[in-house]
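Peer 1: Please find one structure pasted underneath; my questions will follow.
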Amino acid sequence: GESVGLHLPTLSVQEGDNSIINCAYSNSASDYFIWYKQESGKGPQFIIDIRSNMDKRQGQRVTVLLNKTVKHLSLQIAATQPGDSAVYFCAEMKSGGYQKVTFGIGTKLQVIP
Amino acid sequence: EAQVTQNPRYLITVTGKKLTVTCSQNMNHEYMSWYRQDPGLGLRQIYYSMNVEVTDKGDVPEGYKVSRKEKRNFPLILESPSPNQTSLYFCASRWGGMNTEAFFGQGTRLTVV
């Protein structure tokens, strides 16, 4: 619900502009990095992932960039639309055993019509 | 339609009254997890399961129990709920191995008074 968005970093973007959502991760041994989108009142939804041996991956209107040197991950959304308004989570997954997925706290994206 | 179904969506209960939140997935996924989501803290894993009869603690397991008697179901049990368990709960499932895409339920908003 709406309370999920409280206390989160917020990015406000004009409709039609590009959005860049940033994430710092902690575990340099993670094998995959993942982005999820959570709309108000819904569960998180998978957007795109990137393997640790890559530095860029593109999807439909989204691009994920990985900079392992500074442990930084970003999600770029092209031509942002009102439907992109949501909380975006980065997550990391390490192989071995259960392959646990650890989530960040999220960034709220507000698209201004 | 591939989905993860949680019930109930909303629940208000009193301290100490045992409750169960059900979770069912129809994708034959091996891995299932429970998360709680609190403002400013992101998604924290409570318990996870790698297959039938295989469960283990996540990051915040205290006060919770789970079971995995069938592949499709993964109920979350609060034997004696307390107010600090007031939260938004999500169940998720995914294929095992290095598959990163998790499917989340719609969430259960629990209030313990």
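Going through the structure tokens in order, the chains are called A, B, and so on, while each chain numbers its residues from 1 and the ligands are numbered from 1 in the order shown.
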Extract, using only C-alpha atoms, all DNA, RNA and protein residues at most 10 Å from Asn99 of chain B, discarding same-chain residues fewer than 5 positions from it, and format them as a list in words.

Peer 2: Tyr32, Asp49, Met93 and Gln99 of chain A; Arg94 of chain B

Peer 1: Using only C-alpha atoms, select each residue of chain A with any atom at most 12 Å away from an atom of chain B, and give the selection as number ranges by chain.

Peer 2: A: 1-9, 30-51, 87-108

Peer 1: Report as a list in words all protein, DNA and RNA residues lying within 6 Å of Ile112 of chain A, evaluated on only C-alpha atoms, omitting residues in the same chain fewer than 4 positions from it.

Peer 2: Val13, Gln14 and Glu15 of chain A

Peer 1: Keeping all heavy atoms for every residue in the selection just given, could you write it to a file as an mmCIF file, in the first residue's frame?

Peer 2:
```
data_model
loop_
_atom_site.group_PDB
_atom_site.id
_atom_site.type_symbol
_atom_site.label_atom_id
_atom_site.label_comp_id
_atom_site.auth_asym_id
_atom_site.auth_seq_id
_atom_site.Cartn_x
_atom_site.Cartn_y
_atom_site.Cartn_z
ATOM 1 N N VAL A 13 10.076 12.787 -12.206
ATOM 2 C CA VAL A 13 10.476 12.908 -13.607
ATOM 3 C C VAL A 13 9.281 13.362 -14.426
ATOM 4 O O VAL A 13 8.148 12.915 -14.200
ATOM 5 C CB VAL A 13 10.989 11.543 -14.123
ATOM 6 C CG1 VAL A 13 11.282 11.600 -15.599
ATOM 7 C CG2 VAL A 13 12.215 11.105 -13.357
ATOM 8 N N GLN A 14 9.544 14.225 -15.382
ATOM 9 C CA GLN A 14 8.498 14.668 -16.286
ATOM 10 C C GLN A 14 8.179 13.547 -17.278
ATOM 11 O O GLN A 14 9.073 12.835 -17.778
ATOM 12 C CB GLN A 14 8.987 15.891 -17.060
ATOM 13 C CG GLN A 14 7.903 16.783 -17.600
ATOM 14 C CD GLN A 14 7.212 17.593 -16.515
ATOM 15 O OE1 GLN A 14 7.834 18.031 -15.557
ATOM 16 N NE2 GLN A 14 5.914 17.793 -16.678
ATOM 17 N N GLU A 15 6.906 13.389 -17.563
ATOM 18 C CA GLU A 15 6.491 12.398 -18.547
ATOM 19 C C GLU A 15 7.233 12.623 -19.867
ATOM 20 O O GLU A 15 7.347 13.749 -20.350
ATOM 21 C CB GLU A 15 4.980 12.499 -18.778
ATOM 22 C CG GLU A 15 4.430 11.495 -19.774
ATOM 23 C CD GLU A 15 2.925 11.607 -19.955
ATOM 24 O OE1 GLU A 15 2.304 12.426 -19.253
ATOM 25 O OE2 GLU A 15 2.378 10.871 -20.800
#
```

Peer 1: DSSP on the backbone: which residues in segment 2-105 of chain A end up as strand (DSSP E or B)? Give the answer as a ChimeraX atom specification.

Peer 2: /A:10-14,19-24,32-38,45-51,56-58,62-67,72-77,86-93,101-103

Peer 1: What's around Gly63 of chain B at 9 Å? Count only C-alpha atoms, leave out sequence neighbours fewer than 2 positions away in its own chain, and write the answer as a list in words.

Peer 2: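 Counting only the stated atoms, we get Val60, Pro61, Lys65, Ile77, Leu78, Glu79, Ser80, Pro81, Ser82 and Gln85 of chain B.
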
Peer 1: Which neighbours of Val111 of chain A fall inside 12 Å, counting only C-alpha atoms, when residues of the same chain fewer than 3 positions from it are skipped, and could you give them as a list in words?

Peer 2: Thr10, Leu11, Ser12, Val13, Gln14, Glu15, Gly16, Asp17, Asn18, Ser19, Ile77, Ala79, Thr80, Gln81, Pro82, Gly83, Asp84, Ser85, Ala86, Val87 and Lys108 of chain A

Peer 1: What's the separation between atom CA of Ser87 of chain B and atom CA of Lys57 of chain B, in Å to one decimal place?

Peer 2: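 These atoms are spaced 18.3 Å apart.
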